[in-house]
file final04.pdb (PDB, C-alpha atoms and all ligand atoms)
ATOM      1  CA  MET T   1    -113.129-164.810 -26.115  1.00  0.00           C
ATOM      2  CA  GLN T   2    -113.496-161.394 -24.436  1.00  0.00           C
ATOM      3  CA  ARG T   3    -115.120-159.997 -27.530  1.00  0.00           C
ATOM      4  CA  LEU T   4    -117.630-162.829 -27.606  1.00  0.00           C
ATOM      5  CA  ILE T   5    -118.342-162.568 -23.927  1.00  0.00           C
ATOM      6  CA  ARG T   6    -118.967-158.825 -24.189  1.00  0.00           C
ATOM      7  CA  LEU T   7    -121.246-159.459 -27.099  1.00  0.00           C
ATOM      8  CA  ALA T   8    -123.220-162.074 -25.223  1.00  0.00           C
ATOM      9  CA  GLN T   9    -123.573-159.855 -22.172  1.00  0.00           C
ATOM     10  CA  SER T  10    -124.913-157.011 -24.252  1.00  0.00           C
ATOM     11  CA  THR T  11    -127.661-159.194 -25.603  1.00  0.00           C
ATOM     12  CA  THR T  12    -130.830-159.124 -23.621  1.00  0.00           C
ATOM     13  CA  ILE T  13    -132.754-162.319 -23.633  1.00  0.00           C
ATOM     14  CA  ALA T  14    -136.407-161.731 -24.022  1.00  0.00           C
ATOM     15  CA  TRP T  15    -139.404-163.439 -25.434  1.00  0.00           C
ATOM     16  CA  ASN T  16    -143.035-162.835 -25.857  1.00  0.00           C
ATOM     17  CA  HIS T  17    -144.108-163.500 -29.348  1.00  0.00           C
ATOM     18  CA  TYR T  18    -144.106-166.438 -31.605  1.00  0.00           C
ATOM     19  CA  VAL T  19    -140.932-166.644 -33.669  1.00  0.00           C
ATOM     20  CA  SER T  20    -140.294-169.193 -36.328  1.00  0.00           C
ATOM     21  CA  ILE T  21    -137.494-171.664 -35.676  1.00  0.00           C
ATOM     22  CA  ARG T  22    -135.912-170.416 -38.846  1.00  0.00           C
ATOM     23  CA  SER T  23    -135.577-166.893 -37.552  1.00  0.00           C
ATOM     24  CA  LEU T  24    -133.860-168.221 -34.430  1.00  0.00           C
ATOM     25  CA  ARG T  25    -131.389-170.192 -36.486  1.00  0.00           C
ATOM     26  CA  LEU T  26    -129.221-167.110 -36.600  1.00  0.00           C
ATOM     27  CA  PRO T  27    -127.176-166.104 -33.618  1.00  0.00           C
ATOM     28  CA  ALA T  28    -127.443-163.208 -31.260  1.00  0.00           C
ATOM     29  CA  ALA T  29    -126.793-160.336 -33.546  1.00  0.00           C
ATOM     30  CA  CYS T  30    -130.093-159.042 -32.221  1.00  0.00           C
ATOM     31  CA  THR T  31    -130.752-155.738 -30.578  1.00  0.00           C
ATOM     32  CA  GLU T  32    -132.332-155.288 -27.196  1.00  0.00           C
ATOM     33  CA  VAL T  33    -135.792-156.662 -26.858  1.00  0.00           C
ATOM     34  CA  PRO T  34    -137.979-155.666 -23.913  1.00  0.00           C
ATOM     35  CA  ASP T  35    -138.489-158.193 -21.133  1.00  0.00           C
ATOM     36  CA  ALA T  36    -141.637-160.183 -21.281  1.00  0.00           C
ATOM     37  CA  SER T  37    -144.298-161.599 -19.073  1.00  0.00           C
ATOM     38  CA  CYS T  38    -146.008-164.983 -18.912  1.00  0.00           C
ATOM     39  CA  TRP T  39    -148.655-165.329 -21.612  1.00  0.00           C
ATOM     40  CA  LYS T  40    -150.946-167.064 -19.105  1.00  0.00           C
ATOM     41  CA  CYS T  41    -150.603-165.469 -15.659  1.00  0.00           C
ATOM     42  CA  GLN T  42    -148.917-162.197 -16.763  1.00  0.00           C
ATOM     43  CA  LYS T  43    -146.101-162.529 -14.220  1.00  0.00           C
ATOM     44  CA  SER T  44    -142.933-160.853 -15.493  1.00  0.00           C
ATOM     45  CA  LEU T  45    -140.367-163.458 -16.398  1.00  0.00           C
ATOM     46  CA  ASP T  46    -136.726-163.674 -15.402  1.00  0.00           C
ATOM     47  CA  SER T  47    -134.878-163.867 -18.711  1.00  0.00           C
ATOM     48  CA  ALA T  48    -132.156-166.074 -17.264  1.00  0.00           C
ATOM     49  CA  LYS T  49    -134.249-168.600 -15.379  1.00  0.00           C
ATOM     50  CA  GLU T  50    -137.640-168.696 -17.045  1.00  0.00           C
ATOM     51  CA  LYS T  51    -136.825-169.345 -20.669  1.00  0.00           C
ATOM     52  CA  PHE T  52    -138.983-172.457 -20.819  1.00  0.00           C
ATOM     53  CA  PHE T  53    -141.513-172.355 -18.001  1.00  0.00           C
ATOM     54  CA  CYS T  54    -143.121-169.627 -15.918  1.00  0.00           C
ATOM     55  CA  GLY T  55    -141.996-169.871 -12.299  1.00  0.00           C
ATOM     56  CA  GLY T  56    -145.420-168.681 -11.170  1.00  0.00           C
ATOM     57  CA  CYS T  57    -147.980-170.827 -12.991  1.00  0.00           C
ATOM     58  CA  ASP T  58    -145.560-173.377 -14.477  1.00  0.00           C
ATOM     59  CA  SER T  59    -146.882-172.838 -18.023  1.00  0.00           C
ATOM     60  CA  ILE T  60    -144.648-173.547 -20.966  1.00  0.00           C
ATOM     61  CA  GLN T  61    -143.481-170.356 -22.671  1.00  0.00           C
ATOM     62  CA  PRO T  62    -142.850-169.564 -26.346  1.00  0.00           C
ATOM     63  CA  PRO T  63    -139.164-169.682 -27.361  1.00  0.00           C
ATOM     64  CA  VAL T  64    -136.935-166.755 -26.537  1.00  0.00           C
ATOM     65  CA  LYS T  65    -137.103-164.109 -29.161  1.00  0.00           C
ATOM     66  CA  CYS T  66    -133.490-163.180 -28.937  1.00  0.00           C
ATOM     67  CA  ALA T  67    -130.670-165.265 -27.539  1.00  0.00           C
ATOM     68  CA  ASN T  68    -127.712-167.169 -28.821  1.00  0.00           C
ATOM     69  CA  TYR T  69    -127.636-170.927 -28.378  1.00  0.00           C
ATOM     70  CA  PHE T  70    -125.237-170.683 -25.449  1.00  0.00           C
ATOM     71  CA  GLN T  71    -127.597-168.408 -23.545  1.00  0.00           C
ATOM     72  CA  TYR T  72    -130.582-170.437 -24.605  1.00  0.00           C
ATOM     73  CA  LEU T  73    -129.167-173.681 -23.202  1.00  0.00           C
ATOM     74  CA  ASP T  74    -127.338-171.951 -20.366  1.00  0.00           C
ATOM     75  CA  ILE T  75    -123.943-173.251 -21.504  1.00  0.00           C
ATOM     76  CA  PRO T  76    -120.814-171.138 -20.847  1.00  0.00           C
ATOM     77  CA  LEU T  77    -119.789-169.170 -23.921  1.00  0.00           C
ATOM     78  CA  ASN T  78    -116.611-170.874 -25.023  1.00  0.00           C
ATOM     79  CA  TYR T  79    -115.350-172.871 -27.969  1.00  0.00           C
ATOM     80  CA  ASN T  80    -114.449-175.710 -25.638  1.00  0.00           C
ATOM     81  CA  VAL T  81    -117.832-176.988 -24.627  1.00  0.00           C
ATOM     82  CA  ASP T  82    -118.333-179.463 -21.795  1.00  0.00           C
ATOM     83  CA  THR T  83    -120.140-182.113 -23.855  1.00  0.00           C
ATOM     84  CA  ASP T  84    -121.322-184.009 -20.764  1.00  0.00           C
ATOM     85  CA  GLN T  85    -122.977-180.866 -19.466  1.00  0.00           C
ATOM     86  CA  LEU T  86    -124.419-180.143 -22.900  1.00  0.00           C
ATOM     87  CA  GLN T  87    -125.828-183.648 -23.227  1.00  0.00           C
ATOM     88  CA  SER T  88    -127.380-183.703 -19.789  1.00  0.00           C
ATOM     89  CA  THR T  89    -128.943-180.257 -20.315  1.00  0.00           C
ATOM     90  CA  PHE T  90    -130.343-181.465 -23.616  1.00  0.00           C
ATOM     91  CA  LYS T  91    -131.847-184.642 -22.161  1.00  0.00           C
ATOM     92  CA  GLN T  92    -133.312-182.794 -19.217  1.00  0.00           C
ATOM     93  CA  LEU T  93    -134.924-180.121 -21.408  1.00  0.00           C
ATOM     94  CA  GLN T  94    -136.228-182.567 -23.987  1.00  0.00           C
ATOM     95  CA  GLY T  95    -137.812-184.555 -21.181  1.00  0.00           C
ATOM     96  CA  LYS T  96    -139.726-181.500 -19.980  1.00  0.00           C
ATOM     97  CA  LEU T  97    -140.552-180.024 -23.386  1.00  0.00           C
ATOM     98  CA  HIS T  98    -141.472-183.061 -25.425  1.00  0.00           C
ATOM     99  CA  PRO T  99    -144.737-182.534 -27.359  1.00  0.00           C
ATOM    100  CA  ASP T 100    -146.108-185.857 -26.004  1.00  0.00           C
ATOM    101  CA  ARG T 101    -146.331-184.211 -22.595  1.00  0.00           C
ATOM    102  CA  PHE T 102    -148.591-181.517 -24.007  1.00  0.00           C
ATOM    103  CA  ALA T 103    -150.945-183.697 -26.026  1.00  0.00           C
ATOM    104  CA  GLN T 104    -153.880-182.868 -23.707  1.00  0.00           C
ATOM    105  CA  ARG T 105    -153.064-179.159 -23.448  1.00  0.00           C
ATOM    106  CA  SER T 106    -154.258-176.069 -25.304  1.00  0.00           C
ATOM    107  CA  THR T 107    -153.260-175.330 -28.895  1.00  0.00           C
ATOM    108  CA  SER T 108    -150.829-172.612 -27.768  1.00  0.00           C
ATOM    109  CA  GLU T 109    -149.092-174.928 -25.320  1.00  0.00           C
ATOM    110  CA  LYS T 110    -148.794-177.614 -27.969  1.00  0.00           C
ATOM    111  CA  LEU T 111    -147.293-175.088 -30.347  1.00  0.00           C
ATOM    112  CA  PHE T 112    -144.819-173.774 -27.754  1.00  0.00           C
ATOM    113  CA  SER T 113    -143.659-177.255 -26.837  1.00  0.00           C
ATOM    114  CA  ASP T 114    -143.187-178.078 -30.495  1.00  0.00           C
ATOM    115  CA  GLN T 115    -141.168-174.913 -31.068  1.00  0.00           C
ATOM    116  CA  GLN T 116    -139.124-175.168 -27.906  1.00  0.00           C
ATOM    117  CA  SER T 117    -138.168-178.783 -28.464  1.00  0.00           C
ATOM    118  CA  SER T 118    -137.211-178.145 -32.109  1.00  0.00           C
ATOM    119  CA  LEU T 119    -135.120-175.202 -31.065  1.00  0.00           C
ATOM    120  CA  VAL T 120    -133.448-177.079 -28.211  1.00  0.00           C
ATOM    121  CA  ASN T 121    -132.613-179.797 -30.722  1.00  0.00           C
ATOM    122  CA  LEU T 122    -131.114-177.341 -33.154  1.00  0.00           C
ATOM    123  CA  ALA T 123    -129.127-175.512 -30.479  1.00  0.00           C
ATOM    124  CA  TYR T 124    -127.829-178.798 -29.078  1.00  0.00           C
ATOM    125  CA  ARG T 125    -126.713-180.141 -32.443  1.00  0.00           C
ATOM    126  CA  THR T 126    -125.032-176.864 -33.355  1.00  0.00           C
ATOM    127  CA  LEU T 127    -123.073-176.641 -30.114  1.00  0.00           C
ATOM    128  CA  LEU T 128    -122.204-180.334 -30.044  1.00  0.00           C
ATOM    129  CA  GLN T 129    -120.525-180.521 -33.457  1.00  0.00           C
ATOM    130  CA  PRO T 130    -117.057-178.917 -33.405  1.00  0.00           C
ATOM    131  CA  LEU T 131    -117.384-177.511 -36.926  1.00  0.00           C
ATOM    132  CA  ASP T 132    -120.926-176.185 -36.512  1.00  0.00           C
ATOM    133  CA  ARG T 133    -119.953-174.666 -33.171  1.00  0.00           C
ATOM    134  CA  ALA T 134    -116.995-172.849 -34.759  1.00  0.00           C
ATOM    135  CA  ASN T 135    -119.172-171.533 -37.580  1.00  0.00           C
ATOM    136  CA  TYR T 136    -121.735-170.384 -35.049  1.00  0.00           C
ATOM    137  CA  LEU T 137    -119.180-168.494 -32.944  1.00  0.00           C
ATOM    138  CA  LEU T 138    -117.815-166.862 -36.088  1.00  0.00           C
ATOM    139  CA  ARG T 139    -121.294-165.751 -37.147  1.00  0.00           C
ATOM    140  CA  MET T 140    -121.793-164.297 -33.674  1.00  0.00           C
ATOM    141  CA  VAL T 141    -118.998-161.815 -34.366  1.00  0.00           C
ATOM    142  CA  GLY T 142    -120.232-161.126 -37.857  1.00  0.00           C
ATOM    143  CA  GLN T 143    -117.730-163.280 -39.731  1.00  0.00           C
ATOM    144  CA  GLU T 144    -118.997-164.744 -42.954  1.00  0.00           C
ATOM    145  CA  THR T 145    -118.624-168.488 -43.051  1.00  0.00           C
ATOM    146  CA  GLY T 146    -118.839-171.137 -45.721  1.00  0.00           C
ATOM    147  CA  GLU T 147    -116.980-172.249 -48.795  1.00  0.00           C
ATOM    148  CA  GLU T 148    -117.589-169.136 -50.870  1.00  0.00           C
ATOM    149  CA  THR T 149    -115.798-166.961 -48.309  1.00  0.00           C
ATOM    150  CA  SER T 150    -112.811-169.274 -47.921  1.00  0.00           C
ATOM    151  CA  THR T 151    -109.373-167.711 -48.216  1.00  0.00           C
ATOM    152  CA  LEU T 152    -107.448-170.957 -48.108  1.00  0.00           C
ATOM    153  CA  ASP T 153    -104.216-171.440 -49.968  1.00  0.00           C
ATOM    154  CA  PRO T 154    -104.794-172.962 -53.460  1.00  0.00           C
ATOM    155  CA  LYS T 155    -102.064-175.480 -52.656  1.00  0.00           C
ATOM    156  CA  PHE T 156    -104.027-176.736 -49.666  1.00  0.00           C
ATOM    157  CA  LEU T 157    -107.206-176.914 -51.724  1.00  0.00           C
ATOM    158  CA  MET T 158    -105.425-178.926 -54.413  1.00  0.00           C
ATOM    159  CA  GLU T 159    -104.095-181.278 -51.756  1.00  0.00           C
ATOM    160  CA  MET T 160    -107.591-181.796 -50.379  1.00  0.00           C
ATOM    161  CA  LEU T 161    -108.942-182.450 -53.846  1.00  0.00           C
ATOM    162  CA  GLU T 162    -106.273-185.084 -54.400  1.00  0.00           C
ATOM    163  CA  LEU T 163    -106.942-186.704 -51.052  1.00  0.00           C
ATOM    164  CA  ASN T 164    -110.641-186.909 -51.827  1.00  0.00           C
ATOM    165  CA  GLU T 165    -109.913-188.459 -55.186  1.00  0.00           C
ATOM    166  CA  ALA T 166    -107.573-190.922 -53.523  1.00  0.00           C
ATOM    167  CA  VAL T 167    -110.357-191.924 -51.099  1.00  0.00           C
ATOM    168  CA  GLU T 168    -112.728-192.280 -54.017  1.00  0.00           C
ATOM    169  CA  GLU T 169    -110.427-194.814 -55.662  1.00  0.00           C
ATOM    170  CA  MET T 170    -109.376-196.644 -52.510  1.00  0.00           C
ATOM    171  CA  ASP T 171    -110.632-200.181 -52.022  1.00  0.00           C
ATOM    172  CA  ASP T 172    -108.241-201.433 -49.399  1.00  0.00           C
ATOM    173  CA  VAL T 173    -109.755-201.372 -45.915  1.00  0.00           C
ATOM    174  CA  ASP T 174    -106.404-200.824 -44.189  1.00  0.00           C
ATOM    175  CA  GLU T 175    -105.593-197.888 -46.432  1.00  0.00           C
ATOM    176  CA  LEU T 176    -109.022-196.386 -45.840  1.00  0.00           C
ATOM    177  CA  GLN T 177    -108.663-196.803 -42.113  1.00  0.00           C
ATOM    178  CA  LYS T 178    -105.278-195.123 -42.211  1.00  0.00           C
ATOM    179  CA  MET T 179    -106.713-192.253 -44.208  1.00  0.00           C
ATOM    180  CA  GLY T 180    -109.580-191.968 -41.703  1.00  0.00           C
ATOM    181  CA  GLU T 181    -107.144-191.923 -38.786  1.00  0.00           C
ATOM    182  CA  ASN T 182    -105.132-189.148 -40.422  1.00  0.00           C
ATOM    183  CA  ALA T 183    -108.238-187.061 -41.006  1.00  0.00           C
ATOM    184  CA  LYS T 184    -109.234-187.619 -37.373  1.00  0.00           C
ATOM    185  CA  LYS T 185    -105.847-186.381 -36.199  1.00  0.00           C
ATOM    186  CA  GLU T 186    -106.136-183.284 -38.377  1.00  0.00           C
ATOM    187  CA  LEU T 187    -109.616-182.637 -36.996  1.00  0.00           C
ATOM    188  CA  ALA T 188    -108.313-182.862 -33.437  1.00  0.00           C
ATOM    189  CA  ARG T 189    -105.508-180.459 -34.331  1.00  0.00           C
ATOM    190  CA  CYS T 190    -108.047-178.045 -35.839  1.00  0.00           C
ATOM    191  CA  GLN T 191    -110.152-178.206 -32.670  1.00  0.00           C
ATOM    192  CA  GLU T 192    -107.193-177.360 -30.484  1.00  0.00           C
ATOM    193  CA  SER T 193    -106.203-174.550 -32.767  1.00  0.00           C
ATOM    194  CA  LEU T 194    -109.772-173.212 -32.757  1.00  0.00           C
ATOM    195  CA  ALA T 195    -109.944-173.204 -28.978  1.00  0.00           C
ATOM    196  CA  GLN T 196    -106.749-171.149 -28.905  1.00  0.00           C
ATOM    197  CA  SER T 197    -107.865-168.789 -31.689  1.00  0.00           C
ATOM    198  CA  PHE T 198    -111.194-168.029 -30.018  1.00  0.00           C
ATOM    199  CA  HIS T 199    -109.441-167.617 -26.706  1.00  0.00           C
ATOM    200  CA  ASP T 200    -107.052-165.101 -28.302  1.00  0.00           C
ATOM    201  CA  ASP T 201    -109.884-163.324 -30.143  1.00  0.00           C
ATOM    202  CA  ASP T 202    -108.038-164.108 -33.351  1.00  0.00           C
ATOM    203  CA  MET T 203    -111.051-164.394 -35.628  1.00  0.00           C
ATOM    204  CA  SER T 204    -109.198-164.485 -38.926  1.00  0.00           C
ATOM    205  CA  ARG T 205    -107.206-167.473 -37.732  1.00  0.00           C
ATOM    206  CA  ALA T 206    -110.376-169.093 -36.390  1.00  0.00           C
ATOM    207  CA  LYS T 207    -112.003-168.577 -39.768  1.00  0.00           C
ATOM    208  CA  ALA T 208    -109.064-170.138 -41.633  1.00  0.00           C
ATOM    209  CA  VAL T 209    -108.959-173.154 -39.323  1.00  0.00           C
ATOM    210  CA  THR T 210    -112.735-173.599 -39.609  1.00  0.00           C
ATOM    211  CA  ASP T 211    -112.380-173.676 -43.393  1.00  0.00           C
ATOM    212  CA  GLU T 212    -109.623-176.275 -43.127  1.00  0.00           C
ATOM    213  CA  MET T 213    -111.713-178.327 -40.764  1.00  0.00           C
ATOM    214  CA  ARG T 214    -114.545-178.526 -43.266  1.00  0.00           C
ATOM    215  CA  TYR T 215    -112.256-180.231 -45.755  1.00  0.00           C
ATOM    216  CA  TYR T 216    -110.902-182.767 -43.285  1.00  0.00           C
ATOM    217  CA  LEU T 217    -114.419-183.531 -42.124  1.00  0.00           C
ATOM    218  CA  ARG T 218    -115.422-184.203 -45.722  1.00  0.00           C
ATOM    219  CA  ILE T 219    -112.545-186.661 -46.106  1.00  0.00           C
ATOM    220  CA  LYS T 220    -113.450-188.359 -42.842  1.00  0.00           C
ATOM    221  CA  THR T 221    -117.108-188.603 -43.893  1.00  0.00           C
ATOM    222  CA  ASN T 222    -116.173-190.061 -47.285  1.00  0.00           C
ATOM    223  CA  VAL T 223    -113.876-192.613 -45.664  1.00  0.00           C
ATOM    224  CA  ASP T 224    -116.615-193.594 -43.191  1.00  0.00           C
ATOM    225  CA  LYS T 225    -119.076-193.997 -46.036  1.00  0.00           C
ATOM    226  CA  LYS T 226    -116.724-196.298 -47.877  1.00  0.00           C
ATOM    227  CA  LEU T 227    -116.121-198.307 -44.744  1.00  0.00           C
ATOM    228  CA  GLY T 228    -119.855-198.547 -44.239  1.00  0.00           C
ATOM    229  CA  PHE T 229    -119.993-196.488 -41.032  1.00  0.00           C
ATOM    230  CA  ALA T 230    -122.087-193.680 -42.359  1.00  0.00           C
TER
HETATM  231 ZN    ZN Y   1    -147.312-167.795 -15.548  1.00  0.00          ZN
END

call {"tool": "encode", "arguments": {"input": "final04.pdb", "output": "structure tokens"}}
result
Amino acid sequence: MQRLIRLAQSTTIAWNHYVSIRSLRLPAACTEVPDASCWKCQKSLDSAKEKFFCGGCDSIQPPVKCANYFQYLDIPLNYNVDTDQLQSTFKQLQGKLHPDRFAQRSTSEKLFSDQQSSLVNLAYRTLLQPLDRANYLLRMVGQETGEETSTLDPKFLMEMLELNEAVEEMDDVDELQKMGENAKKELARCQESLAQSFHDDDMSRAKAVTDEMRYYLRIKTNVDKKLGFA
């Protein structure tokens, strides 16, 4: 975690210009950006406290130009996220930023509220899901993620393939439920292992566990689909 924390500290949060949501999808591998001032009253903004509204004139601001999702939502940088805190931050921000609140405002304010609430949504979903969160933390330290970079043991991959085929052919509700329970247990094990790996700064282990997790999540999703939950 030290490596991630250092990385986050070295990243200056700043804003000023319009940035597309897409360009903010990527984490904080960004270089220093100069501090900014309010587009309306020109007051210089505190990058930690005025990411959404100017403390002087209370105007909504455009999204930060450079920040990772943890900084953006003011959530401690850690694999283990306090989901209650995350959810209440999300609700609070969405309440203030929702485009309905800006329907009578200027075009710029409408645009900023639209961008900010989309970005808050994206950041929230990424940090809430254990797999997405792991992928995000890995990308923050420059680790490639995704299937094409997987280094998993062919034996494990074969096993996963067989499990998926087994789910495909399963009709018995009890059997499906059992399979779902097993996948859930494996997912919980992966989460624990990820928390430890990130804590130890062991990124290659974190990457391997993240890859494993993707497969178990697929099984779980397929089981849920068959059971009519998804
Ligand atoms: Zn202002």

call {"tool": "residues_around", "arguments": {"input": "final04.pdb", "residues": "segment 87-97 of chain T", "least_positions_apart": "6", "cutoff": "10 Å", "atoms": "all atoms listed in the file", "output": "JSON, numbers by chain"}}
result
{"T": [52, 53, 60, 73, 74, 75, 110, 112, 113, 114, 115, 116, 117, 118, 120, 121, 123, 124, 125, 128]}

call {"tool": "closest_residue", "arguments": {"input": "final04.pdb", "among": "T:Cys57, T:Met203, T:Val167, T:Ala48", "to": "Gln71 of chain T", "atoms": "only C-alpha atoms"}}
result
T:Ala48

call {"tool": "residues_near_ligand", "arguments": {"input": "final04.pdb", "ligand": "ligand ZN 1 (chain Y)", "cutoff": "9 Å", "atoms": "only C-alpha atoms and all ligand atoms", "output": "PyMOL selection string"}}
result
chain T and resi 37-45+53-61

call {"tool": "closest_residue", "arguments": {"input": "final04.pdb", "among": "T:His199, T:Lys220, T:Lys155, T:Arg205", "to": "Leu187 of chain T", "atoms": "all atoms listed in the file"}}
result
T:Lys220

call {"tool": "resolve_selection", "arguments": {"input": "final04.pdb", "expression": "the PyMOL selection byres (((chain T and resi 162-166) around 10) and not hetatm)", "output": "JSON, numbers by chain"}}
result
{"T": [156, 157, 158, 159, 160, 161, 167, 168, 169, 170, 171, 176, 179, 215, 216, 218, 219, 220, 222, 223]}

call {"tool": "write_last_selection", "arguments": {"input": "final04.pdb", "atoms": "C-alpha atoms", "output": "short mmCIF file (atom, residue, chain, number, x, y, z; two decimals), in the frame of the given file"}}
result
data_model
loop_
_atom_site.label_atom_id
_atom_site.label_comp_id
_atom_site.auth_asym_id
_atom_site.auth_seq_id
_atom_site.Cartn_x
_atom_site.Cartn_y
_atom_site.Cartn_z
CA PHE T 156 -104.03 -176.74 -49.67
CA LEU T 157 -107.21 -176.91 -51.72
CA MET T 158 -105.42 -178.93 -54.41
CA GLU T 159 -104.10 -181.28 -51.76
CA MET T 160 -107.59 -181.80 -50.38
CA LEU T 161 -108.94 -182.45 -53.85
CA VAL T 167 -110.36 -191.92 -51.10
CA GLU T 168 -112.73 -192.28 -54.02
CA GLU T 169 -110.43 -194.81 -55.66
CA MET T 170 -109.38 -196.64 -52.51
CA ASP T 171 -110.63 -200.18 -52.02
CA LEU T 176 -109.02 -196.39 -45.84
CA MET T 179 -106.71 -192.25 -44.21
CA TYR T 215 -112.26 -180.23 -45.76
CA TYR T 216 -110.90 -182.77 -43.28
CA ARG T 218 -115.42 -184.20 -45.72
CA ILE T 219 -112.54 -186.66 -46.11
CA LYS T 220 -113.45 -188.36 -42.84
CA ASN T 222 -116.17 -190.06 -47.28
CA VAL T 223 -113.88 -192.61 -45.66
#

call {"tool": "resolve_selection", "arguments": {"input": "final04.pdb", "expression": "the PyMOL selection byres (((chain T and resi 145-153) around 9) and not hetatm)", "output": "mmCIF file with C-alpha atoms, in the frame of the given file"}}
result
data_model
loop_
_atom_site.group_PDB
_atom_site.id
_atom_site.type_symbol
_atom_site.label_atom_id
_atom_site.label_comp_id
_atom_site.auth_asym_id
_atom_site.auth_seq_id
_atom_site.Cartn_x
_atom_site.Cartn_y
_atom_site.Cartn_z
ATOM 1 C CA ASN T 135 -119.172 -171.533 -37.580
ATOM 2 C CA TYR T 136 -121.735 -170.384 -35.049
ATOM 3 C CA LEU T 138 -117.815 -166.862 -36.088
ATOM 4 C CA ARG T 139 -121.294 -165.751 -37.147
ATOM 5 C CA GLN T 143 -117.730 -163.280 -39.731
ATOM 6 C CA GLU T 144 -118.997 -164.744 -42.954
ATOM 7 C CA PRO T 154 -104.794 -172.962 -53.460
ATOM 8 C CA LYS T 155 -102.064 -175.480 -52.656
ATOM 9 C CA PHE T 156 -104.027 -176.736 -49.666
ATOM 10 C CA LEU T 157 -107.206 -176.914 -51.724
ATOM 11 C CA MET T 158 -105.425 -178.926 -54.413
ATOM 12 C CA LYS T 207 -112.003 -168.577 -39.768
ATOM 13 C CA ALA T 208 -109.064 -170.138 -41.633
ATOM 14 C CA THR T 210 -112.735 -173.599 -39.609
ATOM 15 C CA ASP T 211 -112.380 -173.676 -43.393
ATOM 16 C CA GLU T 212 -109.623 -176.275 -43.127
ATOM 17 C CA ARG T 214 -114.545 -178.526 -43.266
#

call {"tool": "closest_residue", "arguments": {"input": "final04.pdb", "among": "T:Thr221, T:Gln129, T:Asn78, T:Thr107", "to": "Asp200 of chain T", "atoms": "only C-alpha atoms"}}
result
T:Asn78

call {"tool": "closest_residue", "arguments": {"input": "final04.pdb", "among": "T:Asp174, T:Asp82, T:Asp46, T:Asp201", "to": "Pro130 of chain T", "atoms": "all atoms listed in the file"}}
result
T:Asp82

call {"tool": "closest_residue", "arguments": {"input": "final04.pdb", "among": "T:Leu86, T:Val173, T:Val64, T:Ala134", "to": "Lys226 of chain T", "atoms": "only C-alpha atoms"}}
result
T:Val173

call {"tool": "closest_residue", "arguments": {"input": "final04.pdb", "among": "T:Gln104, T:Gln85, T:Asn80, T:Asn68", "to": "Glu192 of chain T", "atoms": "only C-alpha atoms"}}
result
T:Asn80

call {"tool": "atom_distance", "arguments": {"input": "final04.pdb", "atom1": "atom CA of Leu194 of chain T", "atom2": "atom CA of Ala67 of chain T"}}
result
23.0 Å

call {"tool": "atom_distance", "arguments": {"input": "final04.pdb", "atom1": "atom CA of Phe70 of chain T", "atom2": "atom CA of Ser204 of chain T"}}
result
21.8 Å

call {"tool": "atom_distance", "arguments": {"input": "final04.pdb", "atom1": "atom CA of Glu175 of chain T", "atom2": "atom CA of Leu227 of chain T"}}
result
10.7 Å

call {"tool": "axis_aligned_box", "arguments": {"input": "final04.pdb", "around": "segment 207-210 of chain T", "padding_each_side": "5 Å", "output": "JSON"}}
result
{"center_x": -110.8, "center_y": -171.1, "center_z": -40.5, "size_x": 13.8, "size_y": 15.0, "size_z": 12.3}

call {"tool": "decode", "arguments": {"input": "final04.pdb", "residues": "segment 139-149 of chain T", "atoms": "N, CA and C atoms", "output": "mmCIF file, in the first residue's frame"}}
result
data_model
loop_
_atom_site.group_PDB
_atom_site.id
_atom_site.type_symbol
_atom_site.label_atom_id
_atom_site.label_comp_id
_atom_site.auth_asym_id
_atom_site.auth_seq_id
_atom_site.Cartn_x
_atom_site.Cartn_y
_atom_site.Cartn_z
ATOM 1 N N ARG T 139 -4.082 -0.639 -12.168
ATOM 2 C CA ARG T 139 -3.772 0.329 -13.226
ATOM 3 C C ARG T 139 -3.076 1.557 -12.652
ATOM 4 N N MET T 140 -3.393 1.886 -11.396
ATOM 5 C CA MET T 140 -2.733 3.026 -10.763
ATOM 6 C C MET T 140 -1.221 2.834 -10.634
ATOM 7 N N VAL T 141 -0.784 1.584 -10.526
ATOM 8 C CA VAL T 141 0.669 1.361 -10.450
ATOM 9 C C VAL T 141 1.206 0.850 -11.786
ATOM 10 N N GLY T 142 0.437 1.059 -12.829
ATOM 11 C CA GLY T 142 0.915 0.759 -14.159
ATOM 12 C C GLY T 142 0.867 -0.703 -14.550
ATOM 13 N N GLN T 143 0.114 -1.501 -13.805
ATOM 14 C CA GLN T 143 -0.022 -2.921 -14.156
ATOM 15 C C GLN T 143 -1.095 -3.080 -15.209
ATOM 16 N N GLU T 144 -0.768 -3.802 -16.251
ATOM 17 C CA GLU T 144 -1.775 -4.114 -17.260
ATOM 18 C C GLU T 144 -2.797 -5.049 -16.643
ATOM 19 N N THR T 145 -4.052 -4.860 -17.006
ATOM 20 C CA THR T 145 -5.063 -5.771 -16.481
ATOM 21 C C THR T 145 -5.877 -6.337 -17.643
ATOM 22 N N GLY T 146 -6.645 -7.339 -17.352
ATOM 23 C CA GLY T 146 -7.504 -7.916 -18.386
ATOM 24 C C GLY T 146 -7.019 -9.275 -18.836
ATOM 25 N N GLU T 147 -7.909 -9.962 -19.521
ATOM 26 C CA GLU T 147 -7.704 -11.349 -19.911
ATOM 27 C C GLU T 147 -6.417 -11.565 -20.716
ATOM 28 N N GLU T 148 -6.167 -10.639 -21.632
ATOM 29 C CA GLU T 148 -5.026 -10.853 -22.548
ATOM 30 C C GLU T 148 -3.674 -10.783 -21.828
ATOM 31 N N THR T 149 -3.663 -10.248 -20.610
ATOM 32 C CA THR T 149 -2.395 -10.160 -19.884
ATOM 33 C C THR T 149 -2.316 -11.216 -18.776
#
